[in-house]
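Okay, structure first, notes after.
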There are 2 protein chains.
Amino acid sequence: VALEAADAIVATYRLVARDEPMARRVAEEIASGQTVAARPEHRAAVVDLAAAGPGVFRASVAFPRANVEADLATVLVMVYGKVSLAPGIRLVDLALPRALLDGLPGPRFGIAGVRARAGVSGRPLTMSIFKPALGAAPSELAAVARDQALGGIDIVKDDEILPDLHTCRTVDRLAAVREAIAGARRAGAEKEPLYAVTLTGRANELCDRAADLVRRGATALLFSPLAYGISLLEALARDPRVSVPIVAHPALAGGIGGAVEVGIAYGALLGTVFRAAGADVVLYPSAYGKPALPEADARAVCDALRRPLGNLRAALPGPSAGVHPGMVPRIVADHGIDVLVNAGSGVHGHPGGARAGARAFRQAIDLALEDKSLTSWTDLADAPELGQALAKWGTA
Amino acid sequence: VALEAADAIVATYRLVARDEPMARRVAEEIASGQTVAARPEHRAAVVDLAAAGPGVFRASVAFPRANVEADLATVLVMVYGKVSLAPGIRLVDLALPRALLDGLPGPRFGIAGVRARAGVSGRPLTMSIFKPALGAAPSELAAVARDQALGGIDIVKDDEILPDLHTCRTVDRLAAVREAIAGARRAGAEKEPLYAVTLTGRANELCDRAADLVRRGATALLFSPLAYGISLLEALARDPRVSVPIVAHPALAGGIGGAVEVGIAYGALLGTVFRAAGADVVLYPSAYGKPALPEADARAVCDALRRPLGNLRAALPGPSAGVHPGMVPRIVADHGIDVLVNAGSGVHGHPGGARAGARAFRQAIDLALEDKSLTSWTDLADAPELGQALAKWGTA
């Protein structure tokens, strides 16, 4: 069966097999097993097979667009539903054709839209995370947000484990943080950072909840697609009321991407799938921090978020986890400026507090863009917060 | 911090660590990392740690119920969100307290309810799967359903990869199959089997779609929670309009459960989580067929579905994949009668067709319950279809 590339969903698998004939048999089984008894126009075909190491192969299978609906759920069930349960088959790449991409939401804002909302051009963006602070009152979190805003952070976000609790309702937190941010602006902050509030709740009410948070002043939403469902991310991205950037958190992703022989590679999962489903920003462990992704995986996520993909907007990569100001030169060298520098303790753990921590990141970015050497930084009298950060965390 | 067991969510992890002090440090990091900066009533604690092999440990961490909403998404984010991204940490068990279970839907029907709907007592239930038949017209699928009904199958289900396509709309398939099943009843079938039609669609419309399918005569729904979202399963199970059993398919589960060192063990994922989220029936690879789960995993899923769990109803285990009539004695010996014998090609691949294939399964069940030996079966003149099946597939 000759599938037009323009019309095929091409899934690439890493296969464990004794030899090439066996690998071919496995690949043929994937193709036929997922489209068995189908009429010709619905049949899948093995389009590529190559050795990729001792006992390891890469096989690409082309599935007709006509087999799925215009969503990711039916695609995932087709290419890695039952297949996932066979041993030694990992989905490592997923190429979606225009015929499908045109029906998927993709990012509503994308990199350019997030930049416009955050008021940032010509440099990487910065994001800081509230320490989870479970049990903290909204007013306490608001005080931290104020510090971050005064330090010049571009996006403030909740921790993903901070849900809507009786002791700290999401709407109360949102109101308090918005007020604190506005107060910081009046007190001299260069601008009001976006605030990505954690979106939680029941699936059938989630779009309404998101719309309500936007109505109440949320300027971004933090969402964990793998805990709630990829299809809910799609629904949020399609809902015109959800008129703010969606920041996707990788919670649970290690359980799917973290093995070698099974699962879905991070690039396909956090890159292609998250972007196609509508994430404007995708957070993922960087290759530098702790926990870290393998460098090739981190790069694959970033590439999948930014490369041309039908008419979909590019999404902003947010390499995270253990990021401190000393890593900024490497982050900028590896990503260019279309990247979100995201830090938790790298901001809050600064000897001078969260405001100084935020300033240190902004200073590091400015200097990285001027291509100043790391050594020169510690001498810089006009960047004392950065000096303190480098003294504490060093460089990377 | 002393957590009352009744109020704690206890997550048990498999940890890879050099020695016990290191394993303890990892466990403490899980506990503190997910509740850092929290007030005492929100802090997690390591409650158990034991060696489980060379360089492998089992650690249990108790998280306060007060940290999460009454849903599984916030639980999963807390116990295995960021944690999943650290190397060598697998979630192997999840114990949910009454305080949480009472707020979760659980199965609306459960084993007893599914039995009542299917009109089956005192024996295992049988389910057969439409061959995917992508491209087949509703009338063609209906003819297959008629054969299955005439053969005495209790539940007929769609293949999970058969979505709502222009060439075969779900509502048209449903209407045709329902009519065929009614026709089979008039032609002498002992009863009308339930028909689990595949539920697909956009997240924000999924409950409405499910309600519409029920209104149109669907007597069960087939749903893939890991492709769409666990929280959507919860929403379906909570929706009073979705007044039919939900059959949960394990699509994608191998990508989460199939590794050793990372991911979520099948018992926790397909057992505890699927049941608590509202699955009435859970399909999973048996320990006998192909692909097969490791025997301990298959048993863990079954146990988690049927053991006492707060006030939640038990869910019906459906060991699947490569099941043929010769396996029935082993399935009954291993599971007792509260089990669903689910087969695809084991029904359709019968030399005498789907009707004979269905009859062979029913005959195998009747004989297994009479404790007849396998050898005696092939002699049985009054079970010719079973004889043919055993001649083709043998026993297990």
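Residues in the structure tokens are numbered from 1 in each chain, the chains being A, B, ... in the order shown, and ligands are numbered from 1 in the order shown.
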(message) Select, as a PyMOL selection string, those residues of chain B with any atom no more than 6 Å from chain A (distances computed using only C-alpha atoms).
(response) chain B and resi 37-39+73+77-78+80-82+84-86+133-135+161+203-204+227-229+231-232+235+251-252+254-256+262-263+291
(request) From region 63-170 of chain A, collect each residue whose DSSP state is helix (DSSP H, G or I) and return the set as a VMD selection string. (result) chain A and resid 65 to 67 72 to 80 83 to 85 98 to 101 110 to 118 138 to 151 170
(message) List the spatial neighbours of region 304-320 of chain B as a PyMOL selection string - criterion: any atom at most 9 Å away, only C-alpha atoms, same-chain residues fewer than 5 positions off excluded.
(response) chain B and resi 96-99+101-102+104-112+114+127+267-268+270-272+274-276+278-292+298-299+331+335+338-344
(request) Using only C-alpha atoms, find the one residue out of A:Ile9, A:Ala31, A:Ile155, A:Leu174 that sits nearest to Ala95 (chain A). (result) A:Ile9
(message) as a PyMOL selection string, please: every residue in region 19-174 of chain B that DSSP puts in strand (DSSP E).
(response) chain B and resi 45-51+56-64+89-95+125-129+155-157
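Interatomic distance, CA of Arg216 (chain A) against CA of Thr170 (chain A): 10.7 Å.
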